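> run02.cif is reproduced in full below (mmCIF, C-alpha atoms, pLDDT in the B column; chains and numbers go by the auth columns).
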```
data_protein
loop_
_atom_site.group_PDB
_atom_site.id
_atom_site.type_symbol
_atom_site.label_atom_id
_atom_site.label_comp_id
_atom_site.label_asym_id
_atom_site.label_seq_id
_atom_site.Cartn_x
_atom_site.Cartn_y
_atom_site.Cartn_z
_atom_site.B_iso_or_equiv
_atom_site.auth_seq_id
_atom_site.auth_asym_id
ATOM 1 C CA MET A 1 22.917 36.046 -70.619 44.00 1 A
ATOM 2 C CA SER A 2 20.196 37.720 -68.618 47.00 2 A
ATOM 3 C CA HIS A 3 20.475 38.133 -64.873 51.00 3 A
ATOM 4 C CA PRO A 4 17.502 37.782 -62.554 50.00 4 A
ATOM 5 C CA ASP A 5 16.345 40.964 -60.888 51.00 5 A
ATOM 6 C CA ASP A 6 17.414 40.619 -57.266 51.00 6 A
ATOM 7 C CA SER A 7 15.995 43.974 -56.192 50.00 7 A
ATOM 8 C CA SER A 8 13.422 43.894 -53.428 50.00 8 A
ATOM 9 C CA PRO A 9 9.831 44.809 -54.353 52.00 9 A
ATOM 10 C CA PHE A 10 9.720 46.878 -51.150 56.00 10 A
ATOM 11 C CA ASN A 11 11.610 50.121 -50.743 69.00 11 A
ATOM 12 C CA PRO A 12 13.604 50.045 -47.498 86.00 12 A
ATOM 13 C CA LEU A 13 12.698 52.476 -44.766 92.00 13 A
ATOM 14 C CA PRO A 14 15.115 55.347 -44.157 94.00 14 A
ATOM 15 C CA PRO A 15 17.325 54.370 -41.171 96.00 15 A
ATOM 16 C CA VAL A 16 16.316 57.479 -39.217 97.00 16 A
ATOM 17 C CA VAL A 17 12.667 56.403 -39.435 97.00 17 A
ATOM 18 C CA VAL A 18 13.581 52.931 -38.186 97.00 18 A
ATOM 19 C CA VAL A 19 15.332 54.521 -35.183 97.00 19 A
ATOM 20 C CA LEU A 20 12.244 56.625 -34.378 97.00 20 A
ATOM 21 C CA PHE A 21 10.015 53.570 -34.756 97.00 21 A
ATOM 22 C CA LEU A 22 12.146 51.544 -32.342 97.00 22 A
ATOM 23 C CA ALA A 23 12.169 54.421 -29.852 97.00 23 A
ATOM 24 C CA VAL A 24 8.351 54.411 -29.964 97.00 24 A
ATOM 25 C CA ALA A 25 7.890 50.634 -29.902 96.00 25 A
ATOM 26 C CA ILE A 26 10.493 49.358 -27.410 96.00 26 A
ATOM 27 C CA PRO A 27 9.103 51.097 -24.278 95.00 27 A
ATOM 28 C CA GLU A 28 5.604 49.840 -25.060 94.00 28 A
ATOM 29 C CA ILE A 29 6.879 46.286 -25.524 93.00 29 A
ATOM 30 C CA ALA A 30 8.535 46.534 -22.109 94.00 30 A
ATOM 31 C CA PHE A 31 5.295 47.831 -20.566 94.00 31 A
ATOM 32 C CA PHE A 32 3.340 44.982 -22.148 90.00 32 A
ATOM 33 C CA LEU A 33 5.744 42.263 -20.991 92.00 33 A
ATOM 34 C CA GLY A 34 5.861 43.818 -17.527 91.00 34 A
ATOM 35 C CA SER A 35 2.075 43.915 -17.253 88.00 35 A
ATOM 36 C CA LYS A 36 2.017 40.180 -18.034 85.00 36 A
ATOM 37 C CA GLY A 37 4.581 39.437 -15.333 84.00 37 A
ATOM 38 C CA LEU A 38 7.169 38.259 -17.848 87.00 38 A
ATOM 39 C CA ILE A 39 9.824 40.805 -16.875 90.00 39 A
ATOM 40 C CA GLY A 40 10.503 43.194 -14.021 85.00 40 A
ATOM 41 C CA GLY A 41 8.656 41.451 -11.223 84.00 41 A
ATOM 42 C CA PRO A 42 5.547 42.788 -9.444 83.00 42 A
ATOM 43 C CA GLN A 43 6.652 46.437 -9.706 85.00 43 A
ATOM 44 C CA ALA A 44 6.609 46.218 -13.522 86.00 44 A
ATOM 45 C CA VAL A 45 2.824 46.650 -13.463 87.00 45 A
ATOM 46 C CA GLY A 46 3.338 50.319 -12.634 90.00 46 A
ATOM 47 C CA TRP A 47 6.037 51.006 -15.241 94.00 47 A
ATOM 48 C CA ARG A 48 3.714 52.901 -17.582 94.00 48 A
ATOM 49 C CA GLN A 49 2.468 55.339 -14.962 93.00 49 A
ATOM 50 C CA ALA A 50 5.977 55.804 -13.633 95.00 50 A
ATOM 51 C CA ALA A 51 7.233 56.559 -17.155 96.00 51 A
ATOM 52 C CA ILE A 52 4.480 59.135 -17.690 95.00 52 A
ATOM 53 C CA GLN A 53 5.415 60.807 -14.407 95.00 53 A
ATOM 54 C CA ASP A 54 9.147 60.747 -15.180 95.00 54 A
ATOM 55 C CA TYR A 55 9.182 61.430 -18.933 97.00 55 A
ATOM 56 C CA GLY A 56 5.750 62.849 -19.835 97.00 56 A
ATOM 57 C CA PHE A 57 5.119 66.559 -20.329 96.00 57 A
ATOM 58 C CA SER A 58 3.159 68.600 -17.814 93.00 58 A
ATOM 59 C CA GLY A 59 1.743 72.062 -18.413 92.00 59 A
ATOM 60 C CA ASP A 60 1.891 72.669 -14.675 92.00 60 A
ATOM 61 C CA LEU A 61 5.647 72.078 -14.714 93.00 61 A
ATOM 62 C CA LEU A 62 6.070 74.415 -17.697 94.00 62 A
ATOM 63 C CA ARG A 63 4.167 77.224 -16.017 92.00 63 A
ATOM 64 C CA TRP A 64 6.116 76.645 -12.778 93.00 64 A
ATOM 65 C CA MET A 65 9.408 76.955 -14.672 95.00 65 A
ATOM 66 C CA ILE A 66 8.307 80.157 -16.391 94.00 66 A
ATOM 67 C CA ALA A 67 6.967 81.697 -13.185 94.00 67 A
ATOM 68 C CA ASN A 68 10.135 80.947 -11.218 96.00 68 A
ATOM 69 C CA GLY A 69 12.698 81.361 -13.984 96.00 69 A
ATOM 70 C CA ILE A 70 14.100 77.935 -13.148 96.00 70 A
ATOM 71 C CA TYR A 71 14.579 75.372 -15.903 96.00 71 A
ATOM 72 C CA PRO A 72 15.896 72.050 -14.498 96.00 72 A
ATOM 73 C CA PRO A 73 17.437 69.856 -17.244 96.00 73 A
ATOM 74 C CA GLU A 74 15.341 66.856 -16.184 95.00 74 A
ATOM 75 C CA HIS A 75 12.163 68.854 -16.882 96.00 75 A
ATOM 76 C CA LEU A 76 13.436 70.375 -20.142 97.00 76 A
ATOM 77 C CA LEU A 77 14.229 66.843 -21.280 97.00 77 A
ATOM 78 C CA ARG A 78 10.507 66.067 -21.131 97.00 78 A
ATOM 79 C CA PHE A 79 10.016 68.091 -24.333 97.00 79 A
ATOM 80 C CA VAL A 80 11.794 65.343 -26.284 97.00 80 A
ATOM 81 C CA THR A 81 10.981 62.269 -24.180 98.00 81 A
ATOM 82 C CA TYR A 82 7.176 62.502 -23.943 97.00 82 A
ATOM 83 C CA PRO A 83 6.658 61.285 -27.558 97.00 83 A
ATOM 84 C CA PHE A 84 8.038 57.870 -26.598 97.00 84 A
ATOM 85 C CA VAL A 85 5.565 57.077 -23.815 96.00 85 A
ATOM 86 C CA HIS A 86 2.001 56.059 -24.720 95.00 86 A
ATOM 87 C CA GLY A 87 -1.168 55.444 -22.791 92.00 87 A
ATOM 88 C CA SER A 88 -1.838 51.982 -24.233 92.00 88 A
ATOM 89 C CA PHE A 89 -0.488 49.362 -26.603 92.00 89 A
ATOM 90 C CA SER A 90 -3.185 50.125 -29.192 91.00 90 A
ATOM 91 C CA GLU A 91 -2.333 53.840 -29.071 92.00 91 A
ATOM 92 C CA MET A 92 1.300 52.989 -29.778 95.00 92 A
ATOM 93 C CA LEU A 93 0.344 50.736 -32.710 94.00 93 A
ATOM 94 C CA PHE A 94 -1.657 53.510 -34.371 92.00 94 A
ATOM 95 C CA ALA A 95 1.138 56.003 -33.768 94.00 95 A
ATOM 96 C CA ALA A 96 3.760 53.588 -35.117 95.00 96 A
ATOM 97 C CA ALA A 97 1.747 52.942 -38.288 94.00 97 A
ATOM 98 C CA LEU A 98 1.419 56.678 -38.997 93.00 98 A
ATOM 99 C CA LEU A 99 5.080 57.222 -38.146 96.00 99 A
ATOM 100 C CA LEU A 100 6.210 54.585 -40.640 96.00 100 A
ATOM 101 C CA ALA A 101 3.929 55.871 -43.389 93.00 101 A
ATOM 102 C CA MET A 102 4.697 59.583 -43.005 94.00 102 A
ATOM 103 C CA GLY A 103 8.320 59.011 -42.040 95.00 103 A
ATOM 104 C CA LYS A 104 9.004 56.931 -45.136 95.00 104 A
ATOM 105 C CA PHE A 105 7.645 59.600 -47.475 94.00 105 A
ATOM 106 C CA VAL A 106 9.403 62.488 -45.741 96.00 106 A
ATOM 107 C CA GLY A 107 12.607 60.561 -45.031 96.00 107 A
ATOM 108 C CA GLU A 108 13.047 59.710 -48.706 95.00 108 A
ATOM 109 C CA VAL A 109 13.132 63.425 -49.553 95.00 109 A
ATOM 110 C CA PHE A 110 14.601 65.089 -46.473 96.00 110 A
ATOM 111 C CA ARG A 111 18.063 64.426 -45.121 95.00 111 A
ATOM 112 C CA PRO A 112 18.218 62.368 -41.898 96.00 112 A
ATOM 113 C CA VAL A 113 18.857 65.391 -39.652 96.00 113 A
ATOM 114 C CA ALA A 114 16.019 67.295 -41.338 96.00 114 A
ATOM 115 C CA THR A 115 13.687 64.312 -40.855 97.00 115 A
ATOM 116 C CA LEU A 116 14.508 64.259 -37.148 97.00 116 A
ATOM 117 C CA ALA A 117 13.920 68.017 -37.003 97.00 117 A
ATOM 118 C CA ALA A 118 10.539 67.574 -38.725 97.00 118 A
ATOM 119 C CA PHE A 119 9.585 65.275 -35.845 98.00 119 A
ATOM 120 C CA PHE A 120 11.169 66.896 -32.790 98.00 120 A
ATOM 121 C CA ILE A 121 10.651 70.605 -33.528 98.00 121 A
ATOM 122 C CA PRO A 122 6.861 70.117 -33.908 98.00 122 A
ATOM 123 C CA ALA A 123 6.848 67.898 -30.792 98.00 123 A
ATOM 124 C CA ILE A 124 8.541 70.666 -28.793 98.00 124 A
ATOM 125 C CA CYS A 125 6.317 73.416 -30.172 98.00 125 A
ATOM 126 C CA GLY A 126 3.214 71.264 -29.637 97.00 126 A
ATOM 127 C CA ALA A 127 4.139 70.754 -25.987 97.00 127 A
ATOM 128 C CA LEU A 128 4.735 74.487 -25.530 96.00 128 A
ATOM 129 C CA ALA A 129 1.340 75.360 -27.008 96.00 129 A
ATOM 130 C CA TYR A 130 -0.390 72.675 -24.963 95.00 130 A
ATOM 131 C CA GLY A 131 1.281 73.775 -21.752 93.00 131 A
ATOM 132 C CA LEU A 132 0.404 77.438 -22.242 91.00 132 A
ATOM 133 C CA ILE A 133 -3.146 77.023 -23.558 90.00 133 A
ATOM 134 C CA ALA A 134 -4.562 73.792 -22.150 81.00 134 A
ATOM 135 C CA ARG A 135 -4.684 74.496 -18.430 77.00 135 A
ATOM 136 C CA ASP A 136 -5.991 71.970 -15.918 73.00 136 A
ATOM 137 C CA ASN A 137 -5.537 69.106 -18.364 71.00 137 A
ATOM 138 C CA PRO A 138 -3.881 65.694 -18.057 79.00 138 A
ATOM 139 C CA TRP A 139 -0.274 64.984 -18.890 90.00 139 A
ATOM 140 C CA LEU A 140 0.815 65.138 -22.508 95.00 140 A
ATOM 141 C CA TYR A 141 2.443 61.992 -23.846 96.00 141 A
ATOM 142 C CA GLY A 142 2.568 60.045 -27.090 95.00 142 A
ATOM 143 C CA ALA A 143 4.206 60.554 -30.478 96.00 143 A
ATOM 144 C CA PHE A 144 1.279 62.255 -32.204 95.00 144 A
ATOM 145 C CA PRO A 145 2.475 65.908 -32.067 96.00 145 A
ATOM 146 C CA GLY A 146 5.740 64.811 -33.706 97.00 146 A
ATOM 147 C CA ILE A 147 3.878 62.646 -36.202 96.00 147 A
ATOM 148 C CA TYR A 148 1.615 65.561 -37.048 95.00 148 A
ATOM 149 C CA GLY A 149 4.829 67.459 -37.735 97.00 149 A
ATOM 150 C CA LEU A 150 5.760 64.781 -40.276 96.00 150 A
ATOM 151 C CA ILE A 151 2.242 65.081 -41.715 95.00 151 A
ATOM 152 C CA GLY A 152 2.916 68.817 -42.036 95.00 152 A
ATOM 153 C CA ALA A 153 6.144 68.056 -43.915 96.00 153 A
ATOM 154 C CA PHE A 154 4.300 65.526 -46.109 94.00 154 A
ATOM 155 C CA THR A 155 1.609 68.126 -46.811 94.00 155 A
ATOM 156 C CA TYR A 156 4.249 70.691 -47.745 94.00 156 A
ATOM 157 C CA LEU A 157 5.944 68.319 -50.199 93.00 157 A
ATOM 158 C CA LEU A 158 2.597 67.409 -51.763 92.00 158 A
ATOM 159 C CA TRP A 159 1.607 71.105 -51.879 92.00 159 A
ATOM 160 C CA LEU A 160 4.912 71.880 -53.620 89.00 160 A
ATOM 161 C CA GLN A 161 4.483 69.037 -56.097 87.00 161 A
ATOM 162 C CA LEU A 162 0.925 70.039 -56.986 85.00 162 A
ATOM 163 C CA GLY A 163 2.070 73.617 -57.544 82.00 163 A
ATOM 164 C CA GLN A 164 4.822 72.463 -59.887 82.00 164 A
ATOM 165 C CA THR A 165 2.470 70.249 -61.899 81.00 165 A
ATOM 166 C CA GLY A 166 -0.367 72.777 -62.065 81.00 166 A
ATOM 167 C CA GLY A 167 -2.682 70.846 -59.768 77.00 167 A
ATOM 168 C CA SER A 168 -4.948 72.279 -57.107 77.00 168 A
ATOM 169 C CA GLN A 169 -2.700 72.823 -54.098 79.00 169 A
ATOM 170 C CA SER A 170 -5.671 72.721 -51.720 78.00 170 A
ATOM 171 C CA ARG A 171 -5.747 68.937 -52.278 81.00 171 A
ATOM 172 C CA ALA A 172 -2.562 68.693 -50.219 81.00 172 A
ATOM 173 C CA PHE A 173 -4.576 69.505 -47.092 84.00 173 A
ATOM 174 C CA VAL A 174 -7.138 66.692 -47.467 84.00 174 A
ATOM 175 C CA LEU A 175 -5.280 64.336 -45.099 78.00 175 A
ATOM 176 C CA ILE A 176 -4.873 66.831 -42.259 82.00 176 A
ATOM 177 C CA GLY A 177 -8.458 68.012 -42.735 81.00 177 A
ATOM 178 C CA PHE A 178 -9.701 64.443 -42.366 79.00 178 A
ATOM 179 C CA LEU A 179 -7.539 63.694 -39.323 80.00 179 A
ATOM 180 C CA MET A 180 -8.373 66.882 -37.448 78.00 180 A
ATOM 181 C CA GLY A 181 -12.058 66.557 -38.354 74.00 181 A
ATOM 182 C CA ALA A 182 -12.149 62.978 -37.052 75.00 182 A
ATOM 183 C CA GLN A 183 -10.365 64.048 -33.880 70.00 183 A
ATOM 184 C CA LEU A 184 -12.837 66.886 -33.296 69.00 184 A
ATOM 185 C CA LEU A 185 -15.819 64.604 -33.911 68.00 185 A
ATOM 186 C CA PHE A 186 -14.428 62.012 -31.512 67.00 186 A
ATOM 187 C CA SER A 187 -13.963 64.696 -28.828 61.00 187 A
ATOM 188 C CA LEU A 188 -17.519 65.970 -29.293 58.00 188 A
ATOM 189 C CA LEU A 189 -19.044 62.495 -29.117 58.00 189 A
ATOM 190 C CA PHE A 190 -16.979 60.945 -26.348 54.00 190 A
ATOM 191 C CA GLY A 191 -15.324 63.877 -24.645 57.00 191 A
ATOM 192 C CA GLY A 192 -11.611 64.467 -24.646 67.00 192 A
ATOM 193 C CA THR A 193 -8.717 66.640 -23.652 74.00 193 A
ATOM 194 C CA LEU A 194 -7.141 69.544 -25.473 82.00 194 A
ATOM 195 C CA ARG A 195 -4.346 67.410 -26.886 88.00 195 A
ATOM 196 C CA TRP A 196 -5.519 68.469 -30.326 89.00 196 A
ATOM 197 C CA VAL A 197 -3.816 71.791 -29.531 91.00 197 A
ATOM 198 C CA ALA A 198 -0.461 69.979 -29.488 94.00 198 A
ATOM 199 C CA ASP A 199 -1.324 68.019 -32.642 93.00 199 A
ATOM 200 C CA GLY A 200 -2.487 71.081 -34.586 93.00 200 A
ATOM 201 C CA THR A 201 0.561 73.064 -33.498 96.00 201 A
ATOM 202 C CA GLY A 202 2.755 70.140 -34.534 96.00 202 A
ATOM 203 C CA PHE A 203 1.222 70.119 -38.008 95.00 203 A
ATOM 204 C CA LEU A 204 1.613 73.875 -38.519 96.00 204 A
ATOM 205 C CA THR A 205 5.189 73.783 -37.257 98.00 205 A
ATOM 206 C CA GLY A 206 6.077 70.863 -39.525 97.00 206 A
ATOM 207 C CA PHE A 207 4.556 72.566 -42.555 96.00 207 A
ATOM 208 C CA ILE A 208 6.268 75.919 -41.954 95.00 208 A
ATOM 209 C CA ALA A 209 9.620 74.372 -40.986 96.00 209 A
ATOM 210 C CA SER A 210 9.665 72.411 -44.244 95.00 210 A
ATOM 211 C CA PHE A 211 10.328 75.608 -46.185 93.00 211 A
ATOM 212 C CA VAL A 212 13.803 75.455 -44.606 93.00 212 A
ATOM 213 C CA LEU A 213 14.174 71.720 -43.926 94.00 213 A
ATOM 214 C CA ARG A 214 13.611 70.569 -47.510 90.00 214 A
ATOM 215 C CA PRO A 215 16.742 70.008 -49.612 82.00 215 A
ATOM 216 C CA GLY A 216 18.140 73.415 -50.572 79.00 216 A
ATOM 217 C CA GLY A 217 15.495 75.179 -48.508 72.00 217 A
ATOM 218 C CA TRP A 218 17.919 77.098 -46.285 70.00 218 A
ATOM 219 C CA THR A 219 19.968 78.251 -49.294 70.00 219 A
ATOM 220 C CA LYS A 220 16.884 79.518 -51.105 69.00 220 A
ATOM 221 C CA LEU A 221 15.649 81.319 -48.003 61.00 221 A
ATOM 222 C CA ARG A 222 19.036 82.985 -47.477 65.00 222 A
ATOM 223 C CA MET A 223 19.154 84.107 -51.108 68.00 223 A
ATOM 224 C CA LYS A 224 15.709 85.682 -50.810 63.00 224 A
ATOM 225 C CA LEU A 225 16.739 87.499 -47.639 59.00 225 A
ATOM 226 C CA LEU A 226 19.918 88.804 -49.302 63.00 226 A
ATOM 227 C CA GLN A 227 17.938 90.102 -52.291 65.00 227 A
ATOM 228 C CA ARG A 228 15.897 92.415 -50.033 60.00 228 A
#
```
Can you turn what I pasted into structure tokens?

Amino acid sequence: MSHPDDSSPFNPLPPVVVVLFLAVAIPEIAFFLGSKGLIGGPQAVGWRQAAIQDYGFSGDLLRWMIANGIYPPEHLLRFVTYPFVHGSFSEMLFAAALLLAMGKFVGEVFRPVATLAAFFIPAICGALAYGLIARDNPWLYGAFPGIYGLIGAFTYLLWLQLGQTGGSQSRAFVLIGFLMGAQLLFSLLFGGTLRWVADGTGFLTGFIASFVLRPGGWTKLRMKLLQR
């Protein structure tokens, strides 16, 4: 007797990606409901700006910490909180869509901790680069530097796969080339900030870190170092 196939036609998202998605989406939902007067009262209208001030990343604060040798925990925390505050609902939707797409691909290969590292390490490095290079610029907020880190990990996995199958490994960089090209064109046409510094740094960090973050990557790196 045959049994019907009860398997879902959709592959479930890795739980760690769902957690990141919720961390990106929930604050924006609160901002939206507050702006409509549905929660929080009159002061809820200013929640977004307050969140940027409290949890966003500032290059001025980074340079102040370096100059004075003082690193308050509440300011260091900004390195990992700024990805979860966005400038608008539409910005969050675009970020969430990319996060789900890239996170699903990477999360199905990487372990959960490595997937988190592929998001947060690029986010931290992107903020550092932005703070040191992009002077006199607005606050840095939004998930894109971390997402570009996941794009870097995705690019690495595709680059590795193409190398193993004899394909042209340069094809792995088509996605990042398109995204960075579109971002540059948008900046030239409409003006923009230097946030692309954080995004580009996030991508490079994600790609390089994947040599270690991929399954067995640390073991292979250690073996190569021991052979020298």
> If the PyMOL selection byres ((chain A and resi 57) around 7) is run on the structure shown, which residues does it catch, given as an MDAnalysis selection string?
chainID A and resid 55:56 58:59 78:79 82 139:141
> Restricting the output to C-alpha atoms, write the selected residues as a PDB file, in the frame of the given file.

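Everything below was put into part21.pdb:
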```pdb
ATOM      1  CA  TYR A  55       9.182  61.430 -18.933  1.00 97.00           C
ATOM      2  CA  GLY A  56       5.750  62.849 -19.835  1.00 97.00           C
ATOM      3  CA  SER A  58       3.159  68.600 -17.814  1.00 93.00           C
ATOM      4  CA  GLY A  59       1.743  72.062 -18.413  1.00 92.00           C
ATOM      5  CA  ARG A  78      10.507  66.067 -21.131  1.00 97.00           C
ATOM      6  CA  PHE A  79      10.016  68.091 -24.333  1.00 97.00           C
ATOM      7  CA  TYR A  82       7.176  62.502 -23.943  1.00 97.00           C
ATOM      8  CA  TRP A 139      -0.274  64.984 -18.890  1.00 90.00           C
ATOM      9  CA  LEU A 140       0.815  65.138 -22.508  1.00 95.00           C
ATOM     10  CA  TYR A 141       2.443  61.992 -23.846  1.00 96.00           C
TER      11      TYR A 141
END
```
> Between A:Gln43, A:Asn137, A:Ser210, A:Thr81, which has the minimum distance to Leu160 in chain A (counting all atoms listed in the file)?
A:Ser210
> When you look at Ala25 in chain A with a cut-off of 8 Å (counting all atoms listed in the file), what residues show up, excluding the ones that are within fewer than 3 positions of it in the same chain? I need them as a VMD selection string.
chain A and resid 21 to 22 28 to 29 84 92 96
> Expressed in Å to a single decimal, how great is the separation between CA of Arg48 in chain A and CA of Phe31 in chain A?
6.1 Å
> Give as a list in words each residue that has an atom at most 9 Å from (8.1, 67.1, -30.4) in the file, counting all atoms listed in the file.
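Residues close enough to count: Phe79, Val80, Thr81, Tyr82, Pro83, Ala117, Ala118, Phe119, Phe120, Ile121, Pro122, Ala123, Ile124, Cys125, Gly126, Ala127, Ala143, Phe144, Pro145, Gly146, Ile147, Gly149 and Gly202 of chain A.
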> Can you give me, as a list in words, the residues this file yields under the PyMOL selection byres ((chain A and resi 45) around 12)?
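Here the PyMOL selection byres ((chain A and resi 45) around 12) matches Ala30, Phe31, Phe32, Leu33, Gly34, Ser35, Lys36, Gly37, Leu38, Ile39, Gly40, Gly41, Pro42, Gln43, Ala44, Gly46, Trp47, Arg48, Gln49, Ala50 and Ala51 of chain A.
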> Would you write out those residues with C-alpha atoms, as a short mmCIF file (atom, residue, chain, number, x, y, z; two decimals), keeping the file's coordinate frame?

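Writing done, so here's again28.cif:
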```
data_model
loop_
_atom_site.label_atom_id
_atom_site.label_comp_id
_atom_site.auth_asym_id
_atom_site.auth_seq_id
_atom_site.Cartn_x
_atom_site.Cartn_y
_atom_site.Cartn_z
CA ALA A 30 8.54 46.53 -22.11
CA PHE A 31 5.30 47.83 -20.57
CA PHE A 32 3.34 44.98 -22.15
CA LEU A 33 5.74 42.26 -20.99
CA GLY A 34 5.86 43.82 -17.53
CA SER A 35 2.08 43.92 -17.25
CA LYS A 36 2.02 40.18 -18.03
CA GLY A 37 4.58 39.44 -15.33
CA LEU A 38 7.17 38.26 -17.85
CA ILE A 39 9.82 40.80 -16.88
CA GLY A 40 10.50 43.19 -14.02
CA GLY A 41 8.66 41.45 -11.22
CA PRO A 42 5.55 42.79 -9.44
CA GLN A 43 6.65 46.44 -9.71
CA ALA A 44 6.61 46.22 -13.52
CA GLY A 46 3.34 50.32 -12.63
CA TRP A 47 6.04 51.01 -15.24
CA ARG A 48 3.71 52.90 -17.58
CA GLN A 49 2.47 55.34 -14.96
CA ALA A 50 5.98 55.80 -13.63
CA ALA A 51 7.23 56.56 -17.16
#
```
> Report, in Å to a single decimal, how far apart CA of Val113 in chain A and CA of Pro215 in chain A are.
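Answer for the CA of Pro215 in chain A to CA of Val113 in chain A separation: 11.2 Å.
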> Have a look at CA of Gly181 in chain A and CA of Ala23 in chain A and let me know their distance in Å, one decimal.
28.4 Å
> Can you list, as an NGL selection string, the residues that the PyMOL selection byres ((chain A and resi 15-17) around 9) selects here?
:A and (12-14 or 18-22 or 99-100 or 103-104 or 107 or 112-113 or 115-116)
> How about saving the chosen residues, C-alpha atoms kept, as a short mmCIF file (atom, residue, chain, number, x, y, z; two decimals), in the frame of the given file?

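See again.cif below for the written result:
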```cif
data_model
loop_
_atom_site.label_atom_id
_atom_site.label_comp_id
_atom_site.auth_asym_id
_atom_site.auth_seq_id
_atom_site.Cartn_x
_atom_site.Cartn_y
_atom_site.Cartn_z
CA PRO A 12 13.60 50.04 -47.50
CA LEU A 13 12.70 52.48 -44.77
CA PRO A 14 15.12 55.35 -44.16
CA VAL A 18 13.58 52.93 -38.19
CA VAL A 19 15.33 54.52 -35.18
CA LEU A 20 12.24 56.62 -34.38
CA PHE A 21 10.02 53.57 -34.76
CA LEU A 22 12.15 51.54 -32.34
CA LEU A 99 5.08 57.22 -38.15
CA LEU A 100 6.21 54.58 -40.64
CA GLY A 103 8.32 59.01 -42.04
CA LYS A 104 9.00 56.93 -45.14
CA GLY A 107 12.61 60.56 -45.03
CA PRO A 112 18.22 62.37 -41.90
CA VAL A 113 18.86 65.39 -39.65
CA THR A 115 13.69 64.31 -40.85
CA LEU A 116 14.51 64.26 -37.15
#
```
> From the list A:Gly177, A:Ala198, A:Leu158, A:Glu74, which residue is nearest Ile133 in chain A when using all atoms listed in the file?
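Smallest distance to Ile133 in chain A is found for A:Ala198.
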> So which one's closest to Gly87 in chain A, A:Gln183, A:Asn68, A:Thr155, A:Gln53? Using all atoms listed in the file, please.
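Closest candidate: A:Gln53.
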> Kindly indicate which residue among A:Gly166, A:Phe203, A:Gly131, A:Pro138 lies nearest to Ile66 in chain A, using only C-alpha atoms for the distances.
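Once distances to Ile66 in chain A are computed over only C-alpha atoms, the minimum belongs to A:Gly131.
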